[in-house]
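Since the structure comes first, as structure tokens, the remarks are kept for the end.
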Amino acid sequence: MPDYPQTHRQKSKPPRTGIFHRALVREFAGMGVPVFAILLGIVVLSQLIRLLGESVSGALAVDGVLALLGFSALNYLPVLLSISLFMSVLLTLTRSYRDSEMVVWFCSGIGLTRWIRPVLWYALPVAGVIALLSLVLSPWALTKAEEFKRRLDSRDDVAAATPGAFRESKHDGRVYFIENVEAGKNRVGNIFVQSVQHGKIGIMVAKQGLQETAPNGDRFLVLLNGTRYEGAPGQRDFRIVEFERYAMRIEAVEAKQGVIPLQSLSTLHLLRNRSSWNMAELEWRLGLPLSALILALLAIPLSFVNPRAGRSLNLVMALVIYMLYNNMISVTNAWVGQGKIGPVMGLVGIHALMFALMLLLFYRRLSVFSLRRLVR
């Protein structure tokens, strides 16, 4: 009996997962970077407008705007990264549904649960960065910002004076105007000083001046070759005095010791001092990376697009869920601080609830896909 080659029916194998994972992670990153850049630009612009407004009103020195802007941006990075992570996964998978790429992947054997692994590949490093920022770098940035503000507030009147702008003294009601400052030479040019002595208004102008320190530590602003006008214009006791050298004592400003905010306390300090509000702050910091991971996985079932229900319905639902999630985290943090619930319950409860919601959405979406296969 002749031997005939035996044929075996081979089952179709899914495509190589390595290529699938790398391509998807690259697409996630390509979507996340512009989203993060846009959010960061909005935050930086809003903070810059606020700081410039404080600078114009005299509450903040001009040379402190950029430093405080950097510290403020670093403080907002954990929240911005969490939003960018959620939006990048959601928008990428939503686009795949709209372009019918999901149908191709499903027909190739890539089920909905197979998307969990590439999403975790992308989300875990970002969550690690969020944890580093929330636990270490953000408290450090807020601490440095508070120290920088106190250092600016403790500067004397001349050091705090901004060239080209009028500035009122913090003690004796003087008004300073300095046109320019020679850096490194301790000299100033074109000085205007208005003060009130013995009930009379005195105005002094000088083309140049310098700062001197006495042996006892007192500092003086010395005006050179200037003129003093004293009295009210139109009255007989109005005097004009020219001088070669006029020294004014610069009052030292004591640094204010304000209340240290919880956000600026180090994580180690919160662990050592376990008060209710310290635990609430610690819960917030630990909850940021946890919520980022849960939201990234939650974006997988939320990205489903039903053309009959509208192309933007899933985005609206995702936005509502994100806002509810953040508000519930804030509420539980307040409850922990007030002592209504324990810190473990406050940390685990809300995230466990959102994790259960994620499993429910996965089950519902998988049930719909299984039902469609049976109908076909």
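Following the order of the structure tokens, chains are lettered A, B, ..., residues in each are numbered from 1, and ligands are numbered from 1.
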- request: For Ile116 in chain A, please output as a VMD selection string all residues within 9 Å (counting only C-alpha atoms; exclusion window: fewer than 4 positions along the same chain).
  value: chain A and resid 112 120 to 121 297 300
- request: May I have the residues within 12 Å of Leu282 in chain A as a ChimeraX atom specification, using only C-alpha atoms and disregarding those fewer than 5 positions away in the same chain?
  value: /A:131,134-136,139,262-277,287-288,333,336-337,343-344,346-347
Which residue of A:Pro301, A:Leu81, A:His351, A:Gly32 approaches Ser367 in chain A most closely, using only C-alpha atoms: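 Smallest distance to Ser367 in chain A is found for A:Pro301.
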task: Return the single residue from A:Gly189, A:Pro78, A:Gly202, A:Gly70 that is closest to Ser138 in chain A, with distances computed using only C-alpha atoms.
output: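 Checking each of A:Gly189, A:Pro78, A:Gly202, A:Gly70 against Ser138 in chain A, counting only C-alpha atoms, the winner is A:Pro78.
Rounded to one decimal, CA of Pro261 in chain A and CA of Glu54 in chain A lie 20.2 Å from each other.
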I'd like to know which residues of range 203-290 of chain A are strand (DSSP E or B) (by DSSP, run on the backbone); could you write them as a compact mmCIF listing (two decimals) with N, CA and C atoms, in the first residue's frame?
# COMPACT_ATOMS: atom_id res chain seq x y z
N ILE A 203 11.71 114.28 50.66
CA ILE A 203 12.04 113.55 49.43
C ILE A 203 13.52 113.76 49.15
N MET A 204 14.23 112.68 48.93
CA MET A 204 15.66 112.73 48.62
C MET A 204 15.90 112.06 47.28
N VAL A 205 16.72 112.70 46.48
CA VAL A 205 17.11 112.16 45.19
C VAL A 205 18.63 112.23 45.09
N ALA A 206 19.21 111.23 44.48
CA ALA A 206 20.67 111.19 44.30
C ALA A 206 20.97 110.37 43.06
N LYS A 207 22.06 110.77 42.40
CA LYS A 207 22.43 110.06 41.18
C LYS A 207 23.06 108.71 41.46
N GLN A 208 23.65 108.55 42.62
CA GLN A 208 24.25 107.26 42.96
C GLN A 208 24.27 107.08 44.47
N GLY A 209 24.47 105.84 44.89
CA GLY A 209 24.54 105.50 46.29
C GLY A 209 25.20 104.16 46.47
N LEU A 210 25.40 103.79 47.70
CA LEU A 210 26.03 102.51 48.01
C LEU A 210 25.52 102.00 49.35
N GLN A 211 25.76 100.73 49.58
CA GLN A 211 25.37 100.11 50.84
C GLN A 211 26.61 99.86 51.68
N GLU A 212 26.53 100.23 52.96
CA GLU A 212 27.64 100.06 53.88
C GLU A 212 27.17 99.30 55.11
N THR A 213 28.10 98.58 55.72
CA THR A 213 27.82 97.84 56.95
C THR A 213 28.73 98.36 58.05
N ARG A 219 23.27 98.07 58.84
CA ARG A 219 23.47 98.37 57.42
C ARG A 219 22.85 99.72 57.11
N PHE A 220 23.51 100.45 56.19
CA PHE A 220 23.08 101.79 55.83
C PHE A 220 23.05 101.91 54.30
N LEU A 221 22.09 102.71 53.83
CA LEU A 221 22.06 103.13 52.44
C LEU A 221 22.60 104.56 52.39
N VAL A 222 23.72 104.73 51.72
CA VAL A 222 24.41 106.02 51.67
C VAL A 222 24.14 106.67 50.31
N LEU A 223 23.51 107.87 50.35
CA LEU A 223 23.25 108.63 49.13
C LEU A 223 24.39 109.62 48.92
N LEU A 224 24.86 109.71 47.70
CA LEU A 224 26.01 110.58 47.39
C LEU A 224 25.57 111.69 46.44
N ASN A 225 25.99 112.94 46.79
CA ASN A 225 25.75 114.10 45.92
C ASN A 225 24.28 114.20 45.53
N GLY A 226 23.44 114.34 46.55
CA GLY A 226 22.00 114.40 46.30
C GLY A 226 21.36 115.64 46.86
N THR A 227 20.04 115.68 46.80
CA THR A 227 19.25 116.82 47.27
C THR A 227 18.08 116.29 48.09
N ARG A 228 17.77 117.01 49.18
CA ARG A 228 16.63 116.66 50.02
C ARG A 228 15.62 117.81 49.98
N TYR A 229 14.37 117.46 49.71
CA TYR A 229 13.26 118.42 49.71
C TYR A 229 12.37 118.07 50.89
N GLU A 230 12.12 119.05 51.75
CA GLU A 230 11.35 118.80 52.97
C GLU A 230 10.29 119.86 53.13
N ARG A 239 11.98 123.49 52.51
CA ARG A 239 13.43 123.60 52.49
C ARG A 239 14.02 122.69 51.42
N ILE A 240 15.10 123.16 50.84
CA ILE A 240 15.87 122.37 49.87
C ILE A 240 17.31 122.32 50.36
N VAL A 241 17.81 121.11 50.59
CA VAL A 241 19.15 120.93 51.14
C VAL A 241 19.94 120.03 50.20
N GLU A 242 21.11 120.49 49.81
CA GLU A 242 22.01 119.67 49.01
C GLU A 242 23.07 119.05 49.93
N PHE A 243 23.38 117.79 49.66
CA PHE A 243 24.33 117.10 50.53
C PHE A 243 25.29 116.28 49.67
N GLU A 244 26.46 116.04 50.25
CA GLU A 244 27.43 115.17 49.59
C GLU A 244 27.28 113.71 50.02
N ARG A 245 26.84 113.52 51.26
CA ARG A 245 26.72 112.17 51.79
C ARG A 245 25.58 112.15 52.81
N TYR A 246 24.65 111.22 52.61
CA TYR A 246 23.51 111.09 53.51
C TYR A 246 23.29 109.60 53.75
N ALA A 247 23.37 109.17 55.02
CA ALA A 247 23.24 107.75 55.36
C ALA A 247 21.89 107.49 56.02
N MET A 248 21.21 106.48 55.55
CA MET A 248 19.94 106.05 56.13
C MET A 248 20.09 104.61 56.63
N ARG A 249 19.66 104.38 57.86
CA ARG A 249 19.77 103.04 58.43
C ARG A 249 18.72 102.12 57.80
N ILE A 250 19.16 100.94 57.42
CA ILE A 250 18.26 99.94 56.83
C ILE A 250 17.84 98.99 57.93
message: Here is a test: counting only C-alpha atoms, which residue of A:Ala67, A:Tyr322, A:Ala352, A:Ile83 is nearest to Ala37 in chain A?
response: A:Ile83
message: Between CA of Leu315 in chain A and CA of Leu91 in chain A, what distance in Å does the model show, to one decimal?
response: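 We find that CA of Leu315 in chain A and CA of Leu91 in chain A lie 8.4 Å from each other.
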- request: Write down as a PyMOL selection string the residues of range 307-342 of chain A whose backbone DSSP state falls under helix (DSSP H, G or I).
  value: chain A and resi 313-338
Selection export as a PDB file, in the first residue's frame, atoms kept: N, CA and C atoms:
ATOM      1  N   LEU A 313     -19.331  58.954  23.793  1.00  0.00           N
ATOM      2  CA  LEU A 313     -19.979  58.550  25.031  1.00  0.00           C
ATOM      3  C   LEU A 313     -18.981  57.921  25.999  1.00  0.00           C
ATOM      4  N   ASN A 314     -18.061  57.113  25.481  1.00  0.00           N
ATOM      5  CA  ASN A 314     -17.086  56.476  26.373  1.00  0.00           C
ATOM      6  C   ASN A 314     -16.150  57.495  27.004  1.00  0.00           C
ATOM      7  N   LEU A 315     -15.805  58.550  26.263  1.00  0.00           N
ATOM      8  CA  LEU A 315     -14.935  59.594  26.827  1.00  0.00           C
ATOM      9  C   LEU A 315     -15.650  60.360  27.936  1.00  0.00           C
ATOM     10  N   VAL A 316     -16.939  60.616  27.743  1.00  0.00           N
ATOM     11  CA  VAL A 316     -17.711  61.307  28.778  1.00  0.00           C
ATOM     12  C   VAL A 316     -17.814  60.428  30.022  1.00  0.00           C
ATOM     13  N   MET A 317     -18.070  59.144  29.820  1.00  0.00           N
ATOM     14  CA  MET A 317     -18.159  58.225  30.950  1.00  0.00           C
ATOM     15  C   MET A 317     -16.821  58.122  31.679  1.00  0.00           C
ATOM     16  N   ALA A 318     -15.730  58.061  30.925  1.00  0.00           N
ATOM     17  CA  ALA A 318     -14.404  57.986  31.551  1.00  0.00           C
ATOM     18  C   ALA A 318     -14.114  59.246  32.353  1.00  0.00           C
ATOM     19  N   LEU A 319     -14.505  60.409  31.827  1.00  0.00           N
ATOM     20  CA  LEU A 319     -14.278  61.661  32.549  1.00  0.00           C
ATOM     21  C   LEU A 319     -15.078  61.697  33.848  1.00  0.00           C
ATOM     22  N   VAL A 320     -16.330  61.222  33.795  1.00  0.00           N
ATOM     23  CA  VAL A 320     -17.171  61.203  34.994  1.00  0.00           C
ATOM     24  C   VAL A 320     -16.580  60.268  36.046  1.00  0.00           C
ATOM     25  N   ILE A 321     -16.134  59.081  35.616  1.00  0.00           N
ATOM     26  CA  ILE A 321     -15.548  58.121  36.558  1.00  0.00           C
ATOM     27  C   ILE A 321     -14.270  58.684  37.176  1.00  0.00           C
ATOM     28  N   TYR A 322     -13.446  59.350  36.378  1.00  0.00           N
ATOM     29  CA  TYR A 322     -12.212  59.935  36.903  1.00  0.00           C
ATOM     30  C   TYR A 322     -12.510  61.009  37.947  1.00  0.00           C
ATOM     31  N   MET A 323     -13.480  61.868  37.671  1.00  0.00           N
ATOM     32  CA  MET A 323     -13.820  62.928  38.623  1.00  0.00           C
ATOM     33  C   MET A 323     -14.399  62.338  39.905  1.00  0.00           C
ATOM     34  N   LEU A 324     -15.259  61.327  39.782  1.00  0.00           N
ATOM     35  CA  LEU A 324     -15.810  60.692  40.978  1.00  0.00           C
ATOM     36  C   LEU A 324     -14.715  60.021  41.790  1.00  0.00           C
ATOM     37  N   TYR A 325     -13.780  59.382  41.110  1.00  0.00           N
ATOM     38  CA  TYR A 325     -12.672  58.704  41.788  1.00  0.00           C
ATOM     39  C   TYR A 325     -11.841  59.703  42.591  1.00  0.00           C
ATOM     40  N   ASN A 326     -11.461  60.791  41.976  1.00  0.00           N
ATOM     41  CA  ASN A 326     -10.657  61.800  42.672  1.00  0.00           C
ATOM     42  C   ASN A 326     -11.412  62.446  43.828  1.00  0.00           C
ATOM     43  N   ASN A 327     -12.699  62.723  43.611  1.00  0.00           N
ATOM     44  CA  ASN A 327     -13.484  63.328  44.691  1.00  0.00           C
ATOM     45  C   ASN A 327     -13.651  62.362  45.862  1.00  0.00           C
ATOM     46  N   MET A 328     -13.842  61.088  45.574  1.00  0.00           N
ATOM     47  CA  MET A 328     -13.969  60.105  46.646  1.00  0.00           C
ATOM     48  C   MET A 328     -12.660  59.938  47.415  1.00  0.00           C
ATOM     49  N   ILE A 329     -11.525  60.045  46.719  1.00  0.00           N
ATOM     50  CA  ILE A 329     -10.230  59.999  47.406  1.00  0.00           C
ATOM     51  C   ILE A 329     -10.094  61.196  48.343  1.00  0.00           C
ATOM     52  N   SER A 330     -10.487  62.385  47.888  1.00  0.00           N
ATOM     53  CA  SER A 330     -10.417  63.575  48.744  1.00  0.00           C
ATOM     54  C   SER A 330     -11.336  63.448  49.952  1.00  0.00           C
ATOM     55  N   VAL A 331     -12.529  62.874  49.735  1.00  0.00           N
ATOM     56  CA  VAL A 331     -13.472  62.715  50.844  1.00  0.00           C
ATOM     57  C   VAL A 331     -12.933  61.732  51.875  1.00  0.00           C
ATOM     58  N   THR A 332     -12.408  60.607  51.413  1.00  0.00           N
ATOM     59  CA  THR A 332     -11.864  59.629  52.352  1.00  0.00           C
ATOM     60  C   THR A 332     -10.644  60.185  53.096  1.00  0.00           C
ATOM     61  N   ASN A 333      -9.837  61.003  52.423  1.00  0.00           N
ATOM     62  CA  ASN A 333      -8.710  61.638  53.113  1.00  0.00           C
ATOM     63  C   ASN A 333      -9.198  62.555  54.230  1.00  0.00           C
ATOM     64  N   ALA A 334     -10.263  63.303  53.944  1.00  0.00           N
ATOM     65  CA  ALA A 334     -10.828  64.177  54.989  1.00  0.00           C
ATOM     66  C   ALA A 334     -11.396  63.352  56.134  1.00  0.00           C
ATOM     67  N   TRP A 335     -12.038  62.235  55.837  1.00  0.00           N
ATOM     68  CA  TRP A 335     -12.577  61.373  56.895  1.00  0.00           C
ATOM     69  C   TRP A 335     -11.463  60.788  57.760  1.00  0.00           C
ATOM     70  N   VAL A 336     -10.351  60.404  57.117  1.00  0.00           N
ATOM     71  CA  VAL A 336      -9.216  59.887  57.886  1.00  0.00           C
ATOM     72  C   VAL A 336      -8.645  60.977  58.782  1.00  0.00           C
ATOM     73  N   GLY A 337      -8.511  62.192  58.264  1.00  0.00           N
ATOM     74  CA  GLY A 337      -8.005  63.289  59.075  1.00  0.00           C
ATOM     75  C   GLY A 337      -8.913  63.640  60.239  1.00  0.00           C
ATOM     76  N   GLN A 338     -10.229  63.519  60.043  1.00  0.00           N
ATOM     77  CA  GLN A 338     -11.184  63.806  61.107  1.00  0.00           C
ATOM     78  C   GLN A 338     -11.375  62.639  62.062  1.00  0.00           C
TER      79      GLN A 338
END
- request: Enter the distance from CA of Phe148 in chain A to CA of Ser72 in chain A, in Å, rounded to one decimal.
  value: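 If I compute the distance from CA of Phe148 in chain A to CA of Ser72 in chain A, I get 12.2 Å.
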